[in-house]
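Structure data follow from protein-v8.txt (compact mmCIF, C-alpha atoms):
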# COMPACT_ATOMS: atom_id res chain seq x y z
CA MET A 1 0.00 0.00 0.00
CA ALA A 2 2.98 2.30 0.46
CA SER A 3 3.03 5.39 -1.79
CA LYS A 4 -0.55 4.79 -2.95
CA LYS A 5 -2.77 7.86 -3.20
CA VAL A 6 -6.26 7.87 -1.73
CA LEU A 7 -8.99 10.47 -2.22
CA ILE A 8 -11.84 10.57 0.30
CA VAL A 9 -14.88 12.46 -0.96
CA TYR A 10 -16.70 13.27 2.27
CA ALA A 11 -20.21 14.64 2.74
CA HIS A 12 -21.42 15.37 6.26
CA GLN A 13 -22.20 18.69 7.90
CA SER A 14 -20.93 17.83 11.39
CA SER A 15 -17.43 17.07 12.68
CA GLY A 16 -19.13 15.28 15.60
CA SER A 17 -20.88 12.77 13.35
CA PHE A 18 -20.24 9.06 12.92
CA ASN A 19 -19.41 9.77 9.28
CA SER A 20 -16.70 12.16 10.41
CA ALA A 21 -15.32 9.49 12.74
CA ALA A 22 -15.33 6.96 9.88
CA LYS A 23 -13.54 9.45 7.64
CA ASP A 24 -10.94 10.18 10.34
CA ALA A 25 -10.41 6.46 10.97
CA ALA A 26 -9.72 5.95 7.27
CA VAL A 27 -7.30 8.87 7.10
CA GLU A 28 -5.39 7.63 10.15
CA ALA A 29 -5.25 3.96 9.12
CA LEU A 30 -4.29 4.62 5.50
CA THR A 31 -1.70 7.26 6.41
CA ALA A 32 -0.18 4.78 8.88
CA LYS A 33 0.06 2.28 6.00
CA GLY A 34 2.13 4.79 4.01
CA CYS A 35 -0.64 6.12 1.77
CA THR A 36 -1.03 9.77 0.84
CA VAL A 37 -4.61 10.74 1.68
CA GLU A 38 -6.51 13.79 0.44
CA VAL A 39 -9.99 14.67 1.72
CA SER A 40 -12.56 16.69 -0.19
CA ASP A 41 -14.85 17.88 2.61
CA LEU A 42 -17.74 18.99 0.41
CA TYR A 43 -19.79 20.92 2.96
CA ALA A 44 -16.72 22.70 4.35
CA MET A 45 -15.71 23.57 0.77
CA LYS A 46 -19.28 24.79 0.08
CA PHE A 47 -19.00 22.68 -3.04
CA LYS A 48 -21.53 23.73 -5.69
CA ALA A 49 -24.01 20.93 -6.32
CA THR A 50 -25.74 22.22 -9.45
CA ALA A 51 -24.46 21.47 -12.96
CA THR A 52 -24.87 24.78 -14.83
CA ALA A 53 -23.28 26.94 -17.52
CA GLU A 54 -21.42 28.76 -14.72
CA ASP A 55 -19.12 25.70 -14.58
CA ILE A 56 -17.46 26.97 -17.77
CA THR A 57 -15.23 30.06 -17.63
CA GLY A 58 -15.01 30.68 -21.38
CA GLU A 59 -17.53 30.95 -24.18
CA VAL A 60 -20.06 28.16 -24.60
CA LYS A 61 -20.67 26.67 -28.02
CA ASN A 62 -24.45 26.94 -27.98
CA ALA A 63 -25.94 29.22 -25.34
CA ASP A 64 -29.45 28.93 -26.79
CA HIS A 65 -29.52 25.16 -26.49
CA PHE A 66 -27.08 24.49 -23.66
CA CYS A 67 -26.10 20.82 -23.35
CA TYR A 68 -24.10 20.30 -20.15
CA GLY A 69 -22.39 17.07 -21.22
CA GLU A 70 -21.21 18.35 -24.57
CA GLU A 71 -20.27 21.84 -23.36
CA THR A 72 -18.24 20.56 -20.39
CA LYS A 73 -16.45 18.09 -22.68
CA LEU A 74 -15.36 21.02 -24.87
CA ALA A 75 -14.46 23.08 -21.79
CA TRP A 76 -12.41 20.20 -20.34
CA GLU A 77 -10.53 19.92 -23.64
CA ALA A 78 -9.98 23.69 -23.73
CA GLY A 79 -9.06 23.99 -20.05
CA THR A 80 -11.98 26.32 -19.33
CA LEU A 81 -13.79 24.42 -16.58
CA THR A 82 -14.01 26.30 -13.28
CA ALA A 83 -11.23 25.91 -10.73
CA ASP A 84 -13.31 23.89 -8.25
CA ILE A 85 -13.94 21.21 -10.91
CA THR A 86 -10.38 21.10 -12.24
CA GLU A 87 -9.01 20.77 -8.70
CA GLU A 88 -11.23 17.77 -8.01
CA GLN A 89 -10.29 16.26 -11.37
CA ARG A 90 -6.62 16.67 -10.42
CA LYS A 91 -7.19 14.81 -7.14
CA LEU A 92 -9.08 12.07 -8.97
CA THR A 93 -6.40 11.71 -11.66
CA GLU A 94 -3.73 11.23 -9.00
CA ALA A 95 -5.75 8.81 -6.83
CA ASP A 96 -5.34 5.03 -6.85
CA LEU A 97 -8.41 4.63 -4.63
CA VAL A 98 -11.46 6.86 -4.09
CA ILE A 99 -13.66 6.42 -1.01
CA PHE A 100 -17.05 8.12 -0.91
CA GLN A 101 -18.00 8.66 2.74
CA PHE A 102 -21.59 9.78 3.36
CA PRO A 103 -24.90 9.23 5.16
CA MET A 104 -27.43 7.58 2.84
CA TYR A 105 -30.16 10.10 1.94
CA TRP A 106 -33.29 8.74 0.26
CA PHE A 107 -31.52 5.51 -0.77
CA THR A 108 -28.66 7.39 -2.47
CA VAL A 109 -25.93 9.96 -1.88
CA PRO A 110 -26.61 13.46 -0.49
CA ALA A 111 -27.23 16.16 -3.13
CA ILE A 112 -23.83 17.77 -2.58
CA MET A 113 -22.08 14.46 -3.34
CA LYS A 114 -24.29 13.81 -6.36
CA GLY A 115 -23.27 17.30 -7.49
CA TRP A 116 -19.62 16.29 -7.18
CA MET A 117 -20.32 13.28 -9.40
CA ASP A 118 -22.34 15.33 -11.91
CA ARG A 119 -19.75 18.11 -12.19
CA VAL A 120 -16.41 16.32 -11.75
CA LEU A 121 -17.07 13.17 -13.81
CA THR A 122 -17.33 15.08 -17.08
CA LEU A 123 -17.62 13.58 -20.55
CA GLY A 124 -14.14 13.17 -21.99
CA PHE A 125 -12.43 13.25 -18.59
CA ALA A 126 -14.28 10.38 -16.89
CA PHE A 127 -15.91 8.50 -19.77
CA THR A 128 -16.49 8.45 -23.50
CA HIS A 129 -18.82 6.38 -25.67
CA GLU A 130 -15.93 3.98 -26.36
CA LYS A 131 -14.34 4.07 -22.91
CA ARG A 132 -16.83 2.98 -20.27
CA TYR A 133 -17.65 0.05 -17.99
CA SER A 134 -14.90 -2.62 -18.05
CA GLN A 135 -13.04 -0.63 -20.72
CA GLY A 136 -13.50 2.65 -18.87
CA ILE A 137 -11.05 5.48 -18.36
CA PHE A 138 -10.51 4.68 -14.65
CA LYS A 139 -10.10 0.91 -15.04
CA ASP A 140 -6.76 1.04 -13.18
CA LYS A 141 -8.31 2.80 -10.19
CA LYS A 142 -10.45 1.48 -7.35
CA ALA A 143 -13.47 3.14 -5.79
CA MET A 144 -15.90 2.31 -3.03
CA LEU A 145 -18.86 3.57 -1.05
CA SER A 146 -18.64 3.87 2.74
CA PHE A 147 -21.88 5.03 4.29
CA THR A 148 -24.28 5.04 7.20
CA THR A 149 -27.95 4.11 7.05
CA GLY A 150 -30.89 5.29 9.11
CA SER A 151 -32.57 1.90 8.83
CA GLN A 152 -31.37 -1.32 10.41
CA GLU A 153 -29.91 -4.06 8.24
CA SER A 154 -33.02 -6.27 8.32
CA MET A 155 -35.03 -3.52 6.62
CA PHE A 156 -32.66 -3.59 3.62
CA SER A 157 -32.96 -7.35 3.08
CA ALA A 158 -34.64 -9.24 0.24
CA ASP A 159 -37.77 -9.57 2.37
CA GLY A 160 -37.41 -6.28 4.25
CA ILE A 161 -39.57 -3.20 3.80
CA ASN A 162 -36.81 -1.15 2.10
CA GLY A 163 -35.94 -3.95 -0.29
CA ASP A 164 -32.61 -5.59 -1.09
CA MET A 165 -29.62 -3.30 -0.51
CA ASN A 166 -27.94 -4.94 -3.51
CA VAL A 167 -30.67 -3.42 -5.69
CA THR A 168 -30.34 -0.02 -4.00
CA LEU A 169 -26.59 0.02 -4.72
CA TRP A 170 -26.79 -0.96 -8.40
CA PRO A 171 -27.34 2.58 -9.81
CA LEU A 172 -24.46 4.03 -7.79
CA GLN A 173 -21.96 1.20 -8.15
CA ASN A 174 -22.74 0.13 -11.71
CA GLY A 175 -24.27 3.28 -13.17
CA ILE A 176 -21.65 5.75 -11.89
CA LEU A 177 -18.52 4.06 -10.54
CA HIS A 178 -18.22 1.05 -12.83
CA TYR A 179 -19.55 3.11 -15.75
CA CYS A 180 -16.40 5.25 -15.45
CA GLY A 181 -14.30 2.08 -15.36
CA PHE A 182 -13.54 1.95 -11.64
CA GLN A 183 -12.87 -1.41 -10.04
CA VAL A 184 -15.58 -1.21 -7.38
CA LEU A 185 -14.69 -2.58 -3.96
CA ALA A 186 -17.42 -3.97 -1.72
CA PRO A 187 -19.20 -1.19 0.17
CA GLN A 188 -18.55 -0.47 3.83
CA ILE A 189 -22.01 -0.21 5.34
CA PHE A 190 -22.50 1.09 8.85
CA TRP A 191 -26.02 -0.03 9.71
CA ALA A 192 -28.06 2.50 11.71
CA PRO A 193 -25.24 3.77 13.96
CA SER A 194 -27.57 6.34 15.55
CA HIS A 195 -29.75 3.52 16.88
CA VAL A 196 -27.06 1.42 18.60
CA PRO A 197 -25.03 1.89 21.82
CA SER A 198 -21.70 3.74 21.66
CA GLU A 199 -19.81 0.46 22.22
CA ALA A 200 -21.40 -0.94 19.06
CA ARG A 201 -20.36 2.17 17.12
CA GLY A 202 -16.83 1.68 18.40
CA THR A 203 -16.91 -1.91 17.15
CA MET A 204 -18.09 -0.70 13.73
CA LEU A 205 -15.16 1.72 13.49
CA GLU A 206 -12.72 -0.95 14.62
CA GLY A 207 -13.97 -3.22 11.84
CA TRP A 208 -13.39 -0.41 9.33
CA ARG A 209 -9.85 0.17 10.63
CA THR A 210 -9.14 -3.55 10.33
CA ARG A 211 -10.44 -3.63 6.77
CA MET A 212 -8.08 -0.74 5.88
CA GLN A 213 -5.09 -2.98 6.44
CA GLY A 214 -5.74 -4.91 3.24
CA LEU A 215 -8.19 -2.63 1.43
CA LEU A 216 -6.14 -1.90 -1.69
CA GLY A 217 -5.46 -5.61 -2.15
CA GLU A 218 -9.14 -6.60 -2.16
CA ASN A 219 -10.75 -8.08 -5.24
CA PRO A 220 -13.48 -5.89 -6.76
CA LEU A 221 -17.15 -6.71 -7.21
CA ALA A 222 -18.05 -8.67 -10.34
CA PHE A 223 -19.64 -6.93 -13.33
CA THR A 224 -20.32 -8.35 -16.78
CA PRO A 225 -17.53 -7.20 -19.16
CA LEU A 226 -18.43 -4.75 -21.93
CA ASP A 227 -17.36 -7.19 -24.65
CA CYS A 228 -20.17 -9.56 -23.59
CA PHE A 229 -22.61 -7.06 -25.11
CA ASP A 230 -23.20 -6.43 -28.81
CA GLY A 231 -22.68 -2.74 -29.55
CA GLU A 232 -24.27 -3.08 -32.98
CA LYS A 233 -27.45 -4.52 -31.50
CA GLY A 234 -28.26 -2.01 -28.80
CA TYR A 235 -25.71 -3.42 -26.34
CA GLN A 236 -27.75 -6.55 -25.75
CA LEU A 237 -26.03 -9.54 -24.20
CA LYS A 238 -24.43 -11.65 -26.94
CA PRO A 239 -26.27 -14.93 -27.70
CA GLU A 240 -23.25 -17.07 -26.79
CA VAL A 241 -23.10 -15.45 -23.33
CA HIS A 242 -26.83 -16.05 -22.91
CA GLU A 243 -26.44 -19.71 -23.89
CA LYS A 244 -23.49 -20.23 -21.56
CA HIS A 245 -25.57 -18.90 -18.68
CA ALA A 246 -28.91 -20.49 -19.60
CA ALA A 247 -28.78 -23.40 -17.16
CA LYS A 248 -27.54 -21.36 -14.20
CA GLU A 249 -29.77 -20.62 -11.25
CA PHE A 250 -28.93 -16.93 -10.92
CA GLY A 251 -28.67 -13.99 -13.30
CA LEU A 252 -25.32 -12.43 -14.17
CA THR A 253 -25.66 -9.38 -11.92
CA VAL A 254 -28.34 -7.42 -10.07
CA GLY A 255 -29.08 -5.42 -13.21
CA THR A 256 -28.38 -7.98 -15.93
CA HIS A 257 -30.44 -10.66 -14.20
CA LEU A 258 -31.86 -12.34 -17.35
CA GLY A 259 -35.19 -12.77 -15.58
CA LYS A 260 -33.58 -15.14 -13.06
CA ALA A 261 -33.10 -14.86 -9.31
CA LEU A 262 -30.57 -12.17 -8.39
CA PRO A 263 -27.10 -13.45 -7.54
CA PRO A 264 -26.90 -13.11 -3.73
CA ASN A 265 -24.81 -10.20 -2.43
CA ASN A 266 -23.72 -9.29 -5.96
CA GLN A 267 -23.30 -5.64 -5.00
CA MET A 268 -22.10 -6.23 -1.44
CA LYS A 269 -19.43 -8.93 -1.56
CA ALA A 270 -16.62 -9.69 -3.99
CA GLY A 271 -16.37 -13.07 -5.63
CA VAL A 272 -20.11 -13.79 -5.91
Starting from the coordinates I provided, produce the structure as structure tokens.
Amino acid sequence: MASKKVLIVYAHQSSGSFNSAAKDAAVEALTAKGCTVEVSDLYAMKFKATATAEDITGEVKNADHFCYGEETKLAWEAGTLTADITEEQRKLTEADLVIFQFPMYWFTVPAIMKGWMDRVLTLGFAFTHEKRYSQGIFKDKKAMLSFTTGSQESMFSADGINGDMNVTLWPLQNGILHYCGFQVLAPQIFWAPSHVPSEARGTMLEGWRTRMQGLLGENPLAFTPLDCFDGEKGYQLKPEVHEKHAAKEFGLTVGTHLGKALPPNNQMKAGV
């Protein structure tokens, strides 16, 4: 792990929060392992969450019909994105591992963190039509979610009221992280820390510190490679892949389930 660079994108308003303690534990443990750790504290930075034309310092190509994706691609190429975006892109370019630390809001990331994703992961910089998923721009980097929930673990089960957490995580882990090519490590989920005794919270943090010792050596979650899909036929799964999987009990992934039962813990544990 020595000399590896880690970026922690952190979204919580309070330095007294469990999320802050989880962030601090990661900084301490990874620094002790010889990593260089940078933290983007989004609330402290007053990071802008909205993706607008103000993110471009120069002229836009088409002000009458402003297309954020296309305009920021041109601005990235021209070096005319605003300083807050280019600084985060620098951190991301240098990082070997990115950890997103946040409290789950409405089954996803807080708005300020979604804004970081919307504004920093620009077309051209983070993905192109050709370079995405398993052939993505960040395929040599690792990323992971580390978050707290308000609900207890049983509520996020396959027969719980919130539904399967693996399903909840698919849009974030497949649709954002893996889409940009990241090798996605299993999430670190702190279940309902506000509803357990302080000793239990301490145990949660100790488990996180222990995981840090081998974090960068972990195998990533499994996603179906891009070349299993036919780009000339609407990126449908190729017939030979379908046939190979026909007799299996479970689908390929949470999203590409083929109408079968979801593979258990597909978005929560590596090697399944």
Surrounding residues of stretch 95-101 of chain A excluding itself and chain neighbours under 6 positions, 9 Å, all atoms listed in the file, as a PyMOL selection string:
chain A and resi 4-12+19-20+22-23+37-38+113+140-148+216
Just the number, please: distance in Å from atom CA of A:Trp116 to atom CA of A:Ser194, one decimal.
26.1 Å
What does the distance between atom CA of A:Thr108 and atom CA of A:Gln188 come to in Å, to one decimal place?
14.3 Å
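Nearest-residue note for A:Gln89: choosing from A:Gly271, A:Ala75, A:Phe125, A:Ser40, the minimum distance belongs to A:Phe125, counting all atoms listed in the file.
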Report, in Å with one decimal, the straight-line distance from atom CA of A:Gly181 to atom CA of A:Tyr133.
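Going from atom CA of A:Gly181 over to atom CA of A:Tyr133, I get 4.7 Å.
Considering the residues A:Pro110, A:Gly217, A:Pro103, A:Gly124 and counting all atoms listed in the file, A:Glu71 has its shortest atom-to-atom contact with A:Gly124.
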Restricting the calculation to all atoms listed in the file: of A:Thr50, A:Asn162, A:Asn266, A:Gln213, which residue gets closest to A:Trp106?
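For A:Trp106, the nearest of the candidates is A:Asn162.
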Point (-25.1, 18.5, -23.4), cut-off 12 Å, counting all atoms listed in the file, residues as a list in words:
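The answer, in the requested form, is Ala51, Thr52, Ala53, Val60, Lys61, Asn62, Ala63, Asp64, His65, Phe66, Cys67, Tyr68, Gly69, Glu70, Glu71, Thr72, Lys73, Leu74, Ala75, Thr122 and Leu123 of chain A.
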